[in-house]
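K.L.:
Here it is, the structure in full.
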Amino acid sequence: MSDPSSPSPAEVENLVVLFVGFALATFLYGLTFFQSYIYLSRYSNDYIWTRVLVWTLLVLDTASTGLVSDLLYHYLITMFDVNIEVLDATPAFCIQGILSVILTLIAQLFFVGRLYTVCGGPASIASRSITVVVSFFGFIAFVFGLTSVGQIFHQRQLSALALPPMGVVAGISQGFAAVTNIIIFIAMCWSLRPARYPDMLVPEGVLENVTVLFIGRGLGLAIIQIAYFSILVASPGKPYWIAVQMVTCRICVNTVLGLLNAREVKHGVGLNEEATLSDRHDSQNSLPSAIHFRMPLSTKATQQSVSFSSNAKDSGGSEIEETSKSYGDGENLDSIHSHCSEQPAYDKASLS
C-alpha cells in the first residue's frame with residue numbers, strides 16, 4: 001500500500017524537470033557572466049553597437065535566470081503542500097518565455113550580420129538572398145513564439161500544449177527556428193571554407209575543430225533547436241520541453257559571446273576572421289613598398305660598381321692590345337695572359 005504523503009510519479013517528473021532545467025540554466029548563466037567579463041576587459045575600444053549587444057544579452061539573461069529561480073521557488077517553497085502533478089503557467093514563466101524568444105531572435109540576427117559580411121557584402125547576390133531568407137524565417141519563429149507564450153498564459157496550464165491549436169503554433173515557431181539555425185550553420189560553413197579564404201588559419205586538433213563548428217559556425221544553435229523542436233513535437237503534453245527551453249536561450253547567448261571573444265584584439269577593437277585576413281594582406285602588401293623604398297640606393301651602388309667593372313674591363317682590354325703589339329709574333333703568349341690577369345686584381349685593389 002502506497003504512502004499517501006509520498007509524491008506521485010507525475011509530481012516527481014515535474015520536479016525533476018524543473019530542477020534539471022534550473023541547474024543547467026544557472027550553469028550557463030555563469031558562463032554568460034564570465035564571457036561578458038572577458039569581453040568587457042579585452043575589447044575596451046570595441047564598436048559601440050557591439051558593446052550594446054553584449055550588455056543587452058547580459059541584462060536579458062540575468063532577468064531570465066532570475067525568473068527561472070522564481071519559478072523554482074514558487075513550486076518548491078510556496079506550493080510545498082500542494083500536489084503539483086500539473087504545472088501551471090505562472091507570470092514569471094511566461095515572461096521568461098518571452099525573454100527566451102527575444103534572445104533567440106537576437107542571436108539569429110547577429111549571425112545574419114555575419115553572413116551578410118562573409119558572403120560578399122552588398123555586392124553579392126548570394127549575400128542578400130541568404131540574409132533575407134534567414135531574417136524572414138527568424139521573424140516567423142519570433143512571431144509564432146510570442147503567440148505560443150500568449151496562448152500558454154491564457155490557458156494557465158503547460159500541459160495544454162498537447163491540444164492541437166497550441167501544439168501547432170508552438171511547433172511552427174520551433175520548426176522555423178530550427179530551419180533558421182540550420183541555414184545559418186550551412187551558410188557559415190560554405191562562406192568561410194578554406195577554398196574561399198585560403199589564408200585563413202585552419203584549426204588544429206579535435207578540440208579546436210569542435211569549438212569552431214559549435215561556436216564559430218553555429219552548430220550548437222542548430223543542435224539545441226532541433227532537440228527543442230523534436231521533444232516538443234514528440235511529447236507536447238510532457239514537461240520535458242521546459243528544461244530544454246530554459247537551456248536553449250542561454251546557449252544562444254553564449255554562442256554569440258563566444259564568437260565575439262574568439263576574435264583577435266587590435267588596440268582594444270575586435271577583428272573578425274575576414275577583417276583579420278584583410279589586415280594580414282595589407283601587412284604583406286606593405287612589405288614590397290619598404291623594399292622599393294630601399295631600391296634606389298642599392299641601384300645606384302650597383303650601377304657604380306658596374307661602371308667601375310666595365311671601365312676596368314675596357315682598360316684591361318686596351319692594355320692587352322698594347323701588350324700584344326709590343327711583343328713579337330714569335331714570343332710566348334703565356335706571358336701576355338699572365339700580364340693581363342694581374343691587371344684586374346690591381347684595379348679591384350685600387351677600388352677597395
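Labels used: A, B, ... for chains in the order of the C-alpha cells, numbers from 1 for residues in each chain, and numbers from 1 for ligands as shown.
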Could you produce a table of the residues of region 204-265 of chain A lying within 10 Å of region 9-32 of chain A, with the nearest pair of atoms per residue and their separation in Å rounded to one decimal, using only C-alpha atoms, ordered by chain and increasing residue number, as a tab-separated table?

P.N.:
residue	atom	partner	partner_atom	distance
A:Lys238	CA	A:Asn14	CA	8.7
A:Pro239	CA	A:Asn14	CA	6.5
A:Tyr240	CA	A:Val17	CA	6.3
A:Trp241	CA	A:Val17	CA	8.8
A:Ile242	CA	A:Gly21	CA	7.2
A:Ala243	CA	A:Gly21	CA	4.0
A:Val244	CA	A:Gly21	CA	7.0
A:Gln245	CA	A:Gly21	CA	8.2
A:Met246	CA	A:Gly21	CA	5.9
A:Val247	CA	A:Ala25	CA	5.5
A:Thr248	CA	A:Ala25	CA	9.0
A:Cys249	CA	A:Ala25	CA	9.1
A:Arg250	CA	A:Leu28	CA	6.1
A:Ile251	CA	A:Leu28	CA	7.3
A:Val253	CA	A:Thr32	CA	7.0
A:Asn254	CA	A:Thr32	CA	5.8
A:Thr255	CA	A:Thr32	CA	9.5
A:Val256	CA	A:Thr32	CA	9.9
A:Leu257	CA	A:Thr32	CA	7.5
A:Gly258	CA	A:Thr32	CA	9.2

K.L.:
Hey, can you spit out that residue selection with all heavy atoms as a short mmCIF file (atom, residue, chain, number, x, y, z; two decimals), in the first residue's frame?

P.N.:
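Done, and the output landed in out.cif:
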data_model
loop_
_atom_site.label_atom_id
_atom_site.label_comp_id
_atom_site.auth_asym_id
_atom_site.auth_seq_id
_atom_site.Cartn_x
_atom_site.Cartn_y
_atom_site.Cartn_z
N LYS A 238 4.07 16.43 -22.09
CA LYS A 238 5.05 16.19 -21.04
C LYS A 238 5.85 17.46 -20.77
O LYS A 238 5.99 18.32 -21.65
CB LYS A 238 5.99 15.05 -21.43
CG LYS A 238 5.30 13.71 -21.59
CD LYS A 238 4.83 13.18 -20.25
CE LYS A 238 4.25 11.78 -20.40
NZ LYS A 238 3.82 11.21 -19.09
N PRO A 239 6.41 17.58 -19.57
CA PRO A 239 7.14 18.81 -19.24
C PRO A 239 8.60 18.83 -19.68
O PRO A 239 9.35 19.73 -19.30
CB PRO A 239 7.04 18.88 -17.72
CG PRO A 239 7.02 17.45 -17.29
CD PRO A 239 6.29 16.70 -18.37
N TYR A 240 9.02 17.85 -20.50
CA TYR A 240 10.44 17.77 -20.85
C TYR A 240 10.91 19.00 -21.61
O TYR A 240 12.07 19.43 -21.48
CB TYR A 240 10.71 16.51 -21.68
CG TYR A 240 10.21 15.23 -21.04
CD1 TYR A 240 9.57 14.25 -21.80
CD2 TYR A 240 10.37 15.01 -19.67
CE1 TYR A 240 9.12 13.09 -21.21
CE2 TYR A 240 9.91 13.84 -19.08
CZ TYR A 240 9.27 12.89 -19.86
OH TYR A 240 8.81 11.73 -19.26
N TRP A 241 10.04 19.57 -22.44
CA TRP A 241 10.45 20.71 -23.26
C TRP A 241 10.77 21.94 -22.42
O TRP A 241 11.44 22.86 -22.90
CB TRP A 241 9.35 21.05 -24.27
CG TRP A 241 8.05 21.46 -23.65
CD1 TRP A 241 7.01 20.66 -23.29
CD2 TRP A 241 7.67 22.79 -23.30
NE1 TRP A 241 5.99 21.39 -22.73
CE2 TRP A 241 6.37 22.71 -22.73
CE3 TRP A 241 8.27 24.03 -23.40
CZ2 TRP A 241 5.68 23.83 -22.27
CZ3 TRP A 241 7.59 25.15 -22.95
CH2 TRP A 241 6.31 25.04 -22.39
N ILE A 242 10.28 21.96 -21.16
CA ILE A 242 10.52 23.14 -20.31
C ILE A 242 12.01 23.26 -20.01
O ILE A 242 12.58 24.36 -20.09
CB ILE A 242 9.69 23.02 -19.02
CG1 ILE A 242 8.20 22.98 -19.35
CG2 ILE A 242 10.00 24.19 -18.08
CD1 ILE A 242 7.32 22.76 -18.14
N ALA A 243 12.65 22.14 -19.66
CA ALA A 243 14.08 22.18 -19.36
C ALA A 243 14.89 22.57 -20.60
O ALA A 243 15.86 23.34 -20.50
CB ALA A 243 14.54 20.82 -18.83
N VAL A 244 14.49 22.06 -21.76
CA VAL A 244 15.20 22.41 -22.99
C VAL A 244 15.01 23.89 -23.32
O VAL A 244 15.94 24.57 -23.78
CB VAL A 244 14.71 21.52 -24.15
CG1 VAL A 244 15.48 21.83 -25.43
CG2 VAL A 244 14.87 20.05 -23.80
N GLN A 245 13.81 24.40 -23.06
CA GLN A 245 13.57 25.82 -23.32
C GLN A 245 14.39 26.73 -22.42
O GLN A 245 14.86 27.78 -22.85
CB GLN A 245 12.07 26.11 -23.12
CG GLN A 245 11.66 27.51 -23.51
CD GLN A 245 11.31 28.36 -22.30
OE1 GLN A 245 11.57 27.97 -21.17
NE2 GLN A 245 10.76 29.52 -22.54
N MET A 246 14.63 26.31 -21.18
CA MET A 246 15.47 27.08 -20.28
C MET A 246 16.93 27.10 -20.73
O MET A 246 17.66 28.06 -20.46
CB MET A 246 15.38 26.52 -18.86
CG MET A 246 14.03 26.66 -18.19
SD MET A 246 14.02 25.92 -16.55
CE MET A 246 12.32 26.20 -16.04
N VAL A 247 17.35 26.05 -21.43
CA VAL A 247 18.74 25.93 -21.85
C VAL A 247 18.98 26.59 -23.21
O VAL A 247 20.05 27.17 -23.45
CB VAL A 247 19.15 24.43 -21.89
CG1 VAL A 247 20.51 24.25 -22.52
CG2 VAL A 247 19.12 23.85 -20.50
N THR A 248 17.98 26.53 -24.09
CA THR A 248 18.17 26.98 -25.48
C THR A 248 18.60 28.44 -25.57
O THR A 248 19.57 28.78 -26.28
CB THR A 248 16.87 26.77 -26.27
OG1 THR A 248 16.52 25.38 -26.23
CG2 THR A 248 17.05 27.21 -27.72
N CYS A 249 17.89 29.32 -24.88
CA CYS A 249 18.21 30.74 -24.99
C CYS A 249 19.60 31.05 -24.46
O CYS A 249 20.30 31.94 -24.98
CB CYS A 249 17.15 31.57 -24.26
SG CYS A 249 17.00 31.22 -22.50
N ARG A 250 20.05 30.32 -23.44
CA ARG A 250 21.38 30.58 -22.89
C ARG A 250 22.49 30.02 -23.77
O ARG A 250 23.61 30.56 -23.78
CB ARG A 250 21.46 30.02 -21.47
CG ARG A 250 20.68 30.87 -20.50
CD ARG A 250 20.29 30.16 -19.21
NE ARG A 250 19.44 31.05 -18.44
CZ ARG A 250 18.12 31.17 -18.65
NH1 ARG A 250 17.52 30.42 -19.58
NH2 ARG A 250 17.38 32.00 -17.95
N ILE A 251 22.21 28.97 -24.50
CA ILE A 251 23.17 28.50 -25.49
C ILE A 251 23.30 29.52 -26.61
O ILE A 251 24.41 29.78 -27.12
CB ILE A 251 22.76 27.12 -26.03
CG1 ILE A 251 22.95 26.07 -24.94
CG2 ILE A 251 23.55 26.76 -27.28
CD1 ILE A 251 22.60 24.66 -25.38
N VAL A 253 22.92 32.78 -26.24
CA VAL A 253 23.69 33.89 -25.69
C VAL A 253 25.17 33.56 -25.63
O VAL A 253 26.03 34.36 -26.04
CB VAL A 253 23.16 34.26 -24.29
CG1 VAL A 253 24.08 35.28 -23.62
CG2 VAL A 253 21.75 34.81 -24.39
N ASN A 254 25.51 32.37 -25.14
CA ASN A 254 26.92 32.01 -25.02
C ASN A 254 27.58 31.76 -26.37
O ASN A 254 28.79 31.94 -26.50
CB ASN A 254 27.05 30.76 -24.14
CG ASN A 254 26.94 31.08 -22.66
OD1 ASN A 254 27.90 31.49 -22.03
ND2 ASN A 254 25.75 30.90 -22.10
N THR A 255 26.81 31.37 -27.38
CA THR A 255 27.37 31.23 -28.71
C THR A 255 27.79 32.59 -29.26
O THR A 255 28.89 32.74 -29.82
CB THR A 255 26.36 30.57 -29.65
OG1 THR A 255 26.03 29.26 -29.15
CG2 THR A 255 26.93 30.44 -31.05
N VAL A 256 26.93 33.59 -29.10
CA VAL A 256 27.27 34.94 -29.57
C VAL A 256 28.48 35.49 -28.81
O VAL A 256 29.42 36.03 -29.41
CB VAL A 256 26.06 35.87 -29.43
CG1 VAL A 256 26.44 37.30 -29.79
CG2 VAL A 256 24.92 35.40 -30.33
N LEU A 257 28.47 35.36 -27.50
CA LEU A 257 29.60 35.86 -26.71
C LEU A 257 30.89 35.11 -27.01
O LEU A 257 31.97 35.71 -27.06
CB LEU A 257 29.26 35.76 -25.22
CG LEU A 257 28.12 36.65 -24.71
CD1 LEU A 257 27.84 36.38 -23.24
CD2 LEU A 257 28.44 38.12 -24.93
N GLY A 258 30.78 33.80 -27.20
CA GLY A 258 31.98 33.04 -27.55
C GLY A 258 32.55 33.43 -28.89
O GLY A 258 33.78 33.50 -29.07
#

K.L.:
If you run DSSP on the backbone, which residues of region 33-234 of chain A are helix (DSSP H, G or I), as JSON, numbers by chain?

P.N.:
{"A": [33, 34, 35, 36, 37, 38, 39, 40, 41, 42, 48, 49, 50, 51, 52, 53, 54, 55, 56, 57, 58, 59, 60, 61, 62, 63, 64, 65, 66, 67, 68, 69, 70, 71, 72, 73, 74, 75, 76, 77, 78, 91, 92, 93, 94, 95, 96, 97, 98, 99, 100, 101, 102, 103, 104, 105, 106, 107, 108, 109, 110, 111, 112, 113, 114, 115, 116, 117, 118, 121, 122, 123, 125, 126, 127, 128, 129, 130, 131, 132, 133, 134, 135, 136, 137, 138, 139, 140, 141, 142, 143, 144, 145, 146, 147, 148, 149, 150, 151, 152, 153, 154, 155, 158, 159, 160, 161, 162, 164, 165, 166, 167, 168, 169, 170, 171, 172, 173, 174, 175, 176, 177, 178, 179, 180, 181, 182, 183, 184, 185, 186, 187, 188, 189, 190, 191, 205, 206, 207, 208, 209, 210, 211, 212, 213, 214, 215, 216, 219, 220, 221, 222, 223, 224, 225, 226, 227, 228, 229, 230, 231, 232, 233, 234]}

K.L.:
Skip region 267-271 of chain A itself and residues of its chain fewer than 4 positions away, then list as a PyMOL selection string all residues within 9 Å of it, counting only C-alpha atoms.

P.N.:
chain A and resi 42-47+260-263+275-276

K.L.:
Which residue gives the smallest distance to Ala126 (chain A) among A:Ser191, A:Thr62, A:Ser173, A:Asn181, with only C-alpha atoms counted?

P.N.:
A:Ser191

K.L.:
Measuring between only C-alpha atoms, which one of A:Ile48, A:Leu76, A:Ile106, A:Val143 shows the shortest distance to Ile172 (chain A)?

P.N.:
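Closest residue, counting only C-alpha atoms: A:Val143.
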
K.L.:
Determine which residues of region 108-307 of chain A receive a DSSP assignment of strand (DSSP E), computed from the backbone, and state them as a list in words.

P.N.:
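Secondary structure check on region 108-307 of chain A, strand (DSSP E): Glu264, Val265, Lys266, Val269, Gly270 and Leu271 of chain A.
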
K.L.:
Any chance you could export the current selection's N, CA, C and O atoms as a PDB file, in the first residue's frame?

P.N.:
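Below is the file that was written, part-v3.pdb:
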ATOM      1  N   GLU A 264      40.453  38.341 -32.734  1.00  0.00           N
ATOM      2  CA  GLU A 264      41.733  38.937 -32.375  1.00  0.00           C
ATOM      3  C   GLU A 264      41.521  40.376 -31.918  1.00  0.00           C
ATOM      4  O   GLU A 264      40.566  41.043 -32.333  1.00  0.00           O
ATOM      5  N   VAL A 265      42.398  40.832 -31.059  1.00  0.00           N
ATOM      6  CA  VAL A 265      42.295  42.178 -30.489  1.00  0.00           C
ATOM      7  C   VAL A 265      43.373  43.054 -31.098  1.00  0.00           C
ATOM      8  O   VAL A 265      44.549  42.668 -31.168  1.00  0.00           O
ATOM      9  N   LYS A 266      42.981  44.234 -31.538  1.00  0.00           N
ATOM     10  CA  LYS A 266      43.924  45.221 -32.061  1.00  0.00           C
ATOM     11  C   LYS A 266      43.531  46.584 -31.520  1.00  0.00           C
ATOM     12  O   LYS A 266      42.508  47.150 -31.913  1.00  0.00           O
ATOM     13  N   VAL A 269      40.037  46.736 -30.104  1.00  0.00           N
ATOM     14  CA  VAL A 269      38.941  46.518 -31.050  1.00  0.00           C
ATOM     15  C   VAL A 269      39.031  45.088 -31.554  1.00  0.00           C
ATOM     16  O   VAL A 269      40.115  44.602 -31.895  1.00  0.00           O
ATOM     17  N   GLY A 270      37.895  44.398 -31.597  1.00  0.00           N
ATOM     18  CA  GLY A 270      37.872  43.032 -32.078  1.00  0.00           C
ATOM     19  C   GLY A 270      37.865  42.965 -33.595  1.00  0.00           C
ATOM     20  O   GLY A 270      37.186  43.742 -34.261  1.00  0.00           O
ATOM     21  N   LEU A 271      38.622  42.027 -34.151  1.00  0.00           N
ATOM     22  CA  LEU A 271      38.711  41.825 -35.597  1.00  0.00           C
ATOM     23  C   LEU A 271      38.123  40.469 -35.937  1.00  0.00           C
ATOM     24  O   LEU A 271      38.552  39.445 -35.396  1.00  0.00           O
TER      25      LEU A 271
END

K.L.:
Using CA of Thr147 (chain A) and CA of Leu219 (chain A) as the two end points, give the distance in Å to one decimal.

P.N.:
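Answer for the CA of Thr147 (chain A) to CA of Leu219 (chain A) separation: 26.9 Å.
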